[in-house]
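Below: the structure, in structure tokens.
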Amino acid sequence: MTILGISCYYHDSAACIIKDGKIIAGAAEERFTRIKHDNNFPKKSIEFCLDSLGISANEVDVISFYEKPFIKFERIISQHLDNFPRNYKQFMKTIGPWFGSRLQIKKTLEEELHYFGKINFIDHHLSHAASAFYLAPFNKAAIVTVDGVGEWSTTTIGSGSGQNIEIDKEIYFPHSLGLLYSTLTTFLGFDANDSEYKVMGLAAYGDPKPFRKHFEKIIEVFPDGSFKLNMEYFDFDWAEHMPSEKMSELFGHPIRKESDKVKRYHENIAASLQVKLEEIVINLLNKAYETYKTKNLCFAGGVALNSVLNGKILSNTPFEKLFIPPDPSDAGAAMGAAMYSYTQITKELVEKKDFHPYLGPEYRWHQIEAELKKYKLKYKYFKSDKELVAETAKFIKNKKVIGWFQGRMEWGPRALGNRSILASATTTKMRDIINEKVKKREMFRPFAPVILEEETKKYFETDDYVSPSARWMLMVYPFKKIGLKQVPAVVHVDNSGRLETLIRKDNPKYYDLVKAYDTLTGIPIIINTSFNVKGEPIVCTPDDAIRCFLSTDIDYLIIDNYVIKK
Amino acid sequence: MMKKLKSKIDRIIEYISLHFIFILGIGSTFLIAKLVGKKFLTKNHISSSWRKYFPNKNNSKMY
């Protein structure tokens with residue numbers, strides 16, 4: 001039984017393939033097309049998935065699509081009915097593609113892939129729920145999904161047991177925590193569906209008190225855990241811009257332009273937003289616990305990318321175990337849709353015991369050598385991984401910036417050690433050096449620490465149960481004193497860190513590298529940031545990596561066991 | 001040359017069609033709903049409290 005999951009047409013298109021219960025491959029379209037958050041039909045991702053099995057599209061048994069297009073279209077038409085005639089521009093801009101391709105999935109699959117087989121359309125939030133529950137290390141759980149919007153739903157609660165997922169309640173558009181966060185993201189001068197994590201980072205600098213009352217006007221929270229946006233402050237239901245003019249009046253400040261300096265009140269608004277989000281979601285989760293009385297929680301949807309919130313869940317709710325999939329957002333819903341179809345059809349669960357997120361393309365030695373030749377780069381080849389990691393650990397100790405390109409690309413938005421930039425975290429200067437040499441990003445944004453999992457509790461104030469989701473950079477915890485002292489480059493302004501915990505089984509070479517660095521320095525933590533430059537998707541191919549290496553001041557590029565020095 | 005011409009014609013047809021749908025489809029439905037005074041337009045928008053989720057068992061349908 002081969003099932004191909006697809007998500008597309010909103011943001012972050014992706015594809016994922018499952019064969020006989022094993023997740024074989026998956027990747028986001030942006031990595032191939034080099035268009036950040038590419039939302040087009042994921043033809044290249046699909047081709048990659050099919051190539052991974054060496055099959056053609058017609059050998060796929062079922063294609064599983066991550067939402068029900070007609071129900072989504074109904075919601076969009078309803079929005080236009082509500083907002084006639086001020087929605088004229090938005091209507092002209094957005095409706096065309098619906099008639100062109102979005103309502104004609106079957107035709108698109110026939111034309112693009114020559115696929116004429118069975119197609120399943122899975123509810124958007126059910127796809128999210130499946131993406132978490134079917135990978136979770138427990139058989140029973142409460143499932144909560146929170147995102148911008150799917151068809152009509154923005155939030156759902158339900159439960160999972162064995163092979164069954166049951167969603168019980170939902171909150172409808174426009175009342176959406178994802179859209180609240182995205183609206184404020186644009187108010188603060190960043191891009192929606194892209195830069196929400198920047199607002200999360202900015203929030204740590206601010207004081208939530210000055211704007212706390214303002215958010216009570218923007219969103220009303222009900223005792224049953226639900227909430228309602230005051231739409232006077234939002235225009236996203238009819239216009240391209242998201243906040244209304246009334247939001248500027250409420251805050252007493254204009255919408256920030258991207259080029260404007262970030263001021264104190266921007267930090268405070270971000271802080272209030274973050275606190276409000278945390279309050280509402282924690283309240284929601286407590287209600288979910290009261291309903292389902294299980295100690296296990298699965299959490300998915302774009303809001304589950306808010307790692308600051310995630311780090312507070314177990315300490316503020318009665319849940320004892322938490323699972324968030326490596327990609328809880330829309331791209332991850334492709335995997336959720338595929339797993340849901342697989343389970344429904346075969347009445348069996350997918351294999352999850354050895355699940356890891358390294359599901360993307362990898363490149364053989366002859367492909368790498370061909371690229372190195374193309375760019376006329378001199379390299380040193382290490383025959384043994386042991387020697388390579390020992391040498392790389394020395395580079396890192398000597399404050400060199402490493403472009404680390406290994407094996408299969410990661411599934412999900414984070415670079416987890418196969419398409420990463422690595423560096424020492426022992427001085428705050430390293431943060432500035434990486435920013436200056438490569439990333440050129442906003443100075444308020446922190447870099448993430450990767451840590452050997454067995455050392456986590458020594459360096460972080462974690463929950464008793466450290467969620468496996470910490471392996472995918474989805475949790476933020478406060479550093480202990482030892483961390484503040486030893487690795488200041490990855491300590492955020494509020495003394496927290498968005499850690500990536502590392503186990504050898506998932507990625508032996510990466511683990512051995514951090515271990516070798518630990519042996520050299522006594523510190524089991526280094527900086528891991530995504531291998532890309534500002535505004536570009538994470539590198540996918542050796543060619544992408546070499547171009548990024550040549551256009552920045554990265555000191556060493558290490559592709560597989562080839563070491564290239566600048 | 002023919003391709004370019006076809007693409008231009010397609011764009012013009014789409015432009016006219018969209019206006020037709022916007023004014024006659026959306027506009028007239030909006031007006032009728034206003035006139036009859038029903039709460040039709042906001043039937044899905046009025047409450048933020050939980051709604052019961054009705055699972056759609058038929059996965060092969062787009063709706």
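Chain labels follow the order of the structure tokens: the first chain is A, the next B, and so on; residue numbering restarts at 1 in every chain, and ligands are counted from 1 in their shown order.
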
Tell me the residues of chain A close to chain B, meaning within 8 Å using only C-alpha atoms, as a PyMOL selection string. chain A and resi 68-71+77-78+80-82+84-85+88+91-92+95-96+118-123+167-175+222+224+226-228

Could you dump the residues just selected with N, CA and C atoms as a compact mmCIF listing (two decimals), in the first residue's frame?
# COMPACT_ATOMS: atom_id res chain seq x y z
N LYS A 68 -10.29 19.74 2.41
CA LYS A 68 -11.43 19.58 1.51
C LYS A 68 -11.64 20.89 0.77
N PRO A 69 -11.23 20.96 -0.49
CA PRO A 69 -11.20 22.24 -1.19
C PRO A 69 -12.56 22.95 -1.30
N PHE A 70 -13.64 22.19 -1.50
CA PHE A 70 -14.93 22.85 -1.68
C PHE A 70 -15.42 23.51 -0.39
N ILE A 71 -15.07 22.91 0.74
CA ILE A 71 -15.50 23.51 2.02
C ILE A 71 -14.69 24.78 2.29
N ILE A 77 -16.00 32.18 -0.20
CA ILE A 77 -17.15 32.87 -0.82
C ILE A 77 -17.98 33.55 0.26
N SER A 78 -18.15 32.88 1.38
CA SER A 78 -18.91 33.47 2.48
C SER A 78 -18.25 34.76 2.98
N HIS A 80 -16.49 36.75 1.15
CA HIS A 80 -16.75 37.78 0.14
C HIS A 80 -18.19 38.29 0.23
N LEU A 81 -19.11 37.40 0.53
CA LEU A 81 -20.50 37.85 0.70
C LEU A 81 -20.61 38.81 1.88
N ASP A 82 -19.93 38.49 2.93
CA ASP A 82 -19.96 39.33 4.13
C ASP A 82 -19.37 40.71 3.89
N PHE A 84 -18.88 42.42 0.82
CA PHE A 84 -19.16 43.12 -0.43
C PHE A 84 -19.54 44.58 -0.13
N PRO A 85 -19.07 45.60 -0.83
CA PRO A 85 -18.19 45.55 -2.00
C PRO A 85 -16.73 45.91 -1.69
N TYR A 88 -13.52 44.08 -3.15
CA TYR A 88 -13.32 43.99 -4.62
C TYR A 88 -11.91 43.55 -5.01
N PHE A 91 -11.03 40.01 -3.99
CA PHE A 91 -11.78 39.04 -4.80
C PHE A 91 -11.10 38.83 -6.14
N MET A 92 -10.74 39.94 -6.79
CA MET A 92 -10.11 39.84 -8.12
C MET A 92 -8.77 39.11 -8.03
N ILE A 95 -9.70 34.92 -6.33
CA ILE A 95 -10.68 33.94 -6.78
C ILE A 95 -10.24 33.18 -8.04
N GLY A 96 -9.51 33.87 -8.92
CA GLY A 96 -9.07 33.24 -10.17
C GLY A 96 -8.44 31.87 -9.97
N LYS A 118 -7.11 6.70 -7.01
CA LYS A 118 -7.99 7.17 -5.93
C LYS A 118 -7.40 8.41 -5.24
N ILE A 119 -8.28 9.36 -4.92
CA ILE A 119 -7.83 10.55 -4.18
C ILE A 119 -8.68 10.68 -2.91
N ASN A 120 -8.02 10.87 -1.79
CA ASN A 120 -8.73 11.16 -0.54
C ASN A 120 -8.55 12.63 -0.19
N PHE A 121 -9.60 13.21 0.34
CA PHE A 121 -9.52 14.60 0.82
C PHE A 121 -9.82 14.57 2.32
N ILE A 122 -8.80 14.87 3.10
CA ILE A 122 -8.92 14.77 4.57
C ILE A 122 -9.12 16.17 5.14
N ASP A 123 -10.04 16.32 6.08
CA ASP A 123 -10.23 17.63 6.73
C ASP A 123 -8.88 18.19 7.18
N ILE A 167 -12.34 14.10 16.49
CA ILE A 167 -12.39 15.51 16.84
C ILE A 167 -13.80 15.78 17.35
N ASP A 168 -13.90 16.47 18.48
CA ASP A 168 -15.23 16.69 19.07
C ASP A 168 -15.75 18.10 18.84
N LYS A 169 -14.85 19.09 19.01
CA LYS A 169 -15.32 20.47 18.92
C LYS A 169 -14.36 21.30 18.09
N GLU A 170 -14.90 22.37 17.52
CA GLU A 170 -14.05 23.23 16.70
C GLU A 170 -14.47 24.69 16.86
N ILE A 171 -13.55 25.58 16.58
CA ILE A 171 -13.85 27.02 16.55
C ILE A 171 -13.69 27.47 15.11
N TYR A 172 -14.63 28.28 14.66
CA TYR A 172 -14.66 28.66 13.25
C TYR A 172 -13.93 29.98 12.98
N PHE A 173 -13.45 30.10 11.74
CA PHE A 173 -12.98 31.36 11.21
C PHE A 173 -14.06 32.43 11.41
N PRO A 174 -13.76 33.69 11.69
CA PRO A 174 -12.43 34.30 11.71
C PRO A 174 -11.74 34.27 13.06
N HIS A 175 -12.34 33.54 14.02
CA HIS A 175 -11.78 33.57 15.38
C HIS A 175 -10.60 32.60 15.45
N PHE A 222 -13.58 33.02 26.58
CA PHE A 222 -14.75 32.50 27.29
C PHE A 222 -14.33 31.43 28.30
N ASP A 224 -15.30 28.54 28.71
CA ASP A 224 -15.20 27.16 28.21
C ASP A 224 -13.94 26.92 27.38
N SER A 226 -12.96 28.64 24.80
CA SER A 226 -13.02 29.22 23.45
C SER A 226 -12.75 30.72 23.51
N PHE A 227 -12.72 31.35 22.37
CA PHE A 227 -12.34 32.76 22.30
C PHE A 227 -12.98 33.39 21.07
N LYS A 228 -12.95 34.71 21.04
CA LYS A 228 -13.58 35.42 19.92
C LYS A 228 -12.78 36.67 19.61

As a ChimeraX atom specification, please: all residues of range 120-320 of chain A that backbone DSSP puts in strand (DSSP E or B). /A:120-121,140-146,153-161,164-172,219-221,227-229,234,243,296-300

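Neighbouring residues of Glu453 in chain A at 6 Å or closer, counting only C-alpha atoms and skipping chain neighbours under 2 positions away, are A:Ile451, A:Glu455, A:Thr456, A:Thr501, A:Leu502, A:Ile503.
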
Using only C-alpha atoms, please write the residues we just selected to a file, as a JSON list (two decimals), in the first residue's frame.
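The resulting file, out30.json, is reproduced below:
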[["chain", "number", "residue", "atom", "x", "y", "z"],
["A", 451, "ILE", "CA", 22.84, 19.69, 23.07],
["A", 455, "GLU", "CA", 23.13, 16.58, 29.19],
["A", 456, "THR", "CA", 19.82, 18.45, 28.83],
["A", 501, "THR", "CA", 18.33, 17.66, 21.94],
["A", 502, "LEU", "CA", 20.41, 15.08, 20.16],
["A", 503, "ILE", "CA", 20.35, 11.30, 20.38]]

Distance query range 46-50 of chain A at most 9 Å, only C-alpha atoms, self and fewer than 3 positions along chain excluded, as number ranges by chain: A: 4-6, 14-17, 24-27, 29, 42-43, 53-57, 60, 113, 360-361

Give me a file of those residues, with C-alpha atoms, as a CSV table (one decimal), in the first residue's frame.
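Final file, selection05.csv:
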chain,number,residue,atom,x,y,z
A,4,LEU,CA,1.3,10.0,-1.2
A,5,GLY,CA,0.3,12.9,1.0
A,6,ILE,CA,0.1,16.4,-0.5
A,14,ALA,CA,4.9,19.7,0.6
A,15,ALA,CA,4.6,16.0,-0.2
A,16,CYS,CA,5.3,12.9,1.7
A,17,ILE,CA,5.2,9.2,0.8
A,24,ILE,CA,9.8,6.8,3.1
A,25,ALA,CA,10.3,10.4,2.1
A,26,GLY,CA,9.0,13.9,2.5
A,27,ALA,CA,10.0,17.4,1.6
A,29,GLU,CA,8.5,22.4,-2.3
A,42,PRO,CA,4.4,20.5,-5.2
A,43,LYS,CA,5.5,18.8,-8.3
A,53,LEU,CA,10.7,4.5,-4.2
A,54,GLY,CA,11.6,4.3,-7.9
A,55,ILE,CA,7.9,4.3,-8.9
A,56,SER,CA,5.7,6.4,-11.2
A,57,ALA,CA,2.6,8.2,-9.9
A,60,VAL,CA,0.6,5.0,-5.9
A,113,LEU,CA,1.4,13.5,-12.7
A,360,GLY,CA,14.5,14.6,2.3
A,361,PRO,CA,17.0,14.1,-0.6

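Of note, CA of Tyr381 in chain A and CA of Val563 in chain A are spaced 6.2 Å apart.
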
Please return, as number ranges by chain, all residues of range 232-471 of chain A that DSSP assigns to alpha helix (DSSP H) on the basis of the backbone. A: 245-251, 264-292, 307-316, 330-346, 365-374, 385-397, 428-434, 456-459

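Counting only C-alpha atoms, the residue from A:Ile526, A:His266, A:Tyr375, A:Phe323 that sits nearest to Pro254 in chain A is A:His266.
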
With a distance cut-off of 6 Å and only C-alpha atoms, select the neighbouring residues of range 160-165 of chain A, excluding the residue or stretch itself and same-chain residues fewer than 4 positions from it, and output the selection as a ChimeraX atom specification. /A:139-141

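Relative to CA of Phe319 in chain A, CA of Glu290 in chain A is found at 10.3 Å.
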
Show which residues sit within 12 Å of Tyr181 in chain A, as a ChimeraX atom specification. Count only C-alpha atoms, and ignore same-chain residues fewer than 6 positions away. /A:146-148,175,187-188,190-200,203,215,218-219,229,234,236,242-243,269-278,302-303,305-306

Based on the selection just made, write C-alpha atoms of those residues as a PDB file, in the first residue's frame.
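And here's selection.pdb as it stands now:
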ATOM      1  CA  VAL A 146      -4.540  25.431  16.598  1.00  0.00           C
ATOM      2  CA  ASP A 147      -3.618  27.259  13.402  1.00  0.00           C
ATOM      3  CA  GLY A 148      -4.571  30.190  11.147  1.00  0.00           C
ATOM      4  CA  HIS A 175     -11.783  33.570  15.379  1.00  0.00           C
ATOM      5  CA  PHE A 187       1.526  45.174  12.629  1.00  0.00           C
ATOM      6  CA  LEU A 188       5.075  44.867  13.938  1.00  0.00           C
ATOM      7  CA  PHE A 190       7.195  41.463   9.641  1.00  0.00           C
ATOM      8  CA  ASP A 191       5.715  39.065   7.102  1.00  0.00           C
ATOM      9  CA  ALA A 192       2.710  36.908   7.949  1.00  0.00           C
ATOM     10  CA  ASN A 193       3.118  33.146   7.543  1.00  0.00           C
ATOM     11  CA  ASP A 194       6.866  33.642   7.706  1.00  0.00           C
ATOM     12  CA  SER A 195       8.092  35.796  10.552  1.00  0.00           C
ATOM     13  CA  GLU A 196       5.893  34.846  13.486  1.00  0.00           C
ATOM     14  CA  TYR A 197       8.985  33.328  15.120  1.00  0.00           C
ATOM     15  CA  LYS A 198      10.659  36.738  14.970  1.00  0.00           C
ATOM     16  CA  VAL A 199       7.812  38.208  17.031  1.00  0.00           C
ATOM     17  CA  MET A 200       8.211  35.321  19.451  1.00  0.00           C
ATOM     18  CA  ALA A 203       8.653  39.284  22.838  1.00  0.00           C
ATOM     19  CA  PHE A 215      -5.401  42.720  24.107  1.00  0.00           C
ATOM     20  CA  ILE A 218      -8.840  42.574  20.773  1.00  0.00           C
ATOM     21  CA  ILE A 219      -9.753  39.076  21.895  1.00  0.00           C
ATOM     22  CA  LEU A 229     -11.682  38.054  17.974  1.00  0.00           C
ATOM     23  CA  PHE A 234      -8.867  43.085  11.894  1.00  0.00           C
ATOM     24  CA  PHE A 236      -7.838  39.981   7.116  1.00  0.00           C
ATOM     25  CA  MET A 242      -4.355  42.195   8.224  1.00  0.00           C
ATOM     26  CA  PRO A 243      -4.675  44.809  11.021  1.00  0.00           C
ATOM     27  CA  ILE A 269       3.307  44.716  22.025  1.00  0.00           C
ATOM     28  CA  ALA A 270       5.102  41.502  21.051  1.00  0.00           C
ATOM     29  CA  ALA A 271       5.450  40.572  24.737  1.00  0.00           C
ATOM     30  CA  SER A 272       1.745  41.192  25.419  1.00  0.00           C
ATOM     31  CA  LEU A 273       0.772  39.167  22.377  1.00  0.00           C
ATOM     32  CA  GLN A 274       2.952  36.258  23.426  1.00  0.00           C
ATOM     33  CA  VAL A 275       1.590  36.295  26.989  1.00  0.00           C
ATOM     34  CA  LYS A 276      -2.003  36.494  25.696  1.00  0.00           C
ATOM     35  CA  LEU A 277      -1.433  33.571  23.350  1.00  0.00           C
ATOM     36  CA  GLU A 278       0.060  31.521  26.154  1.00  0.00           C
ATOM     37  CA  GLY A 302       0.961  26.349  12.962  1.00  0.00           C
ATOM     38  CA  VAL A 303       0.607  27.727  16.513  1.00  0.00           C
ATOM     39  CA  LEU A 305       5.582  26.112  16.173  1.00  0.00           C
ATOM     40  CA  ASN A 306       5.555  28.633  19.019  1.00  0.00           C
TER      41      ASN A 306
END

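You can rank A:Leu177, A:Leu250, A:Cys540, A:Val350 by their closest distance to Glu220 in chain A using only C-alpha atoms, and at the top of that list sits A:Leu177.
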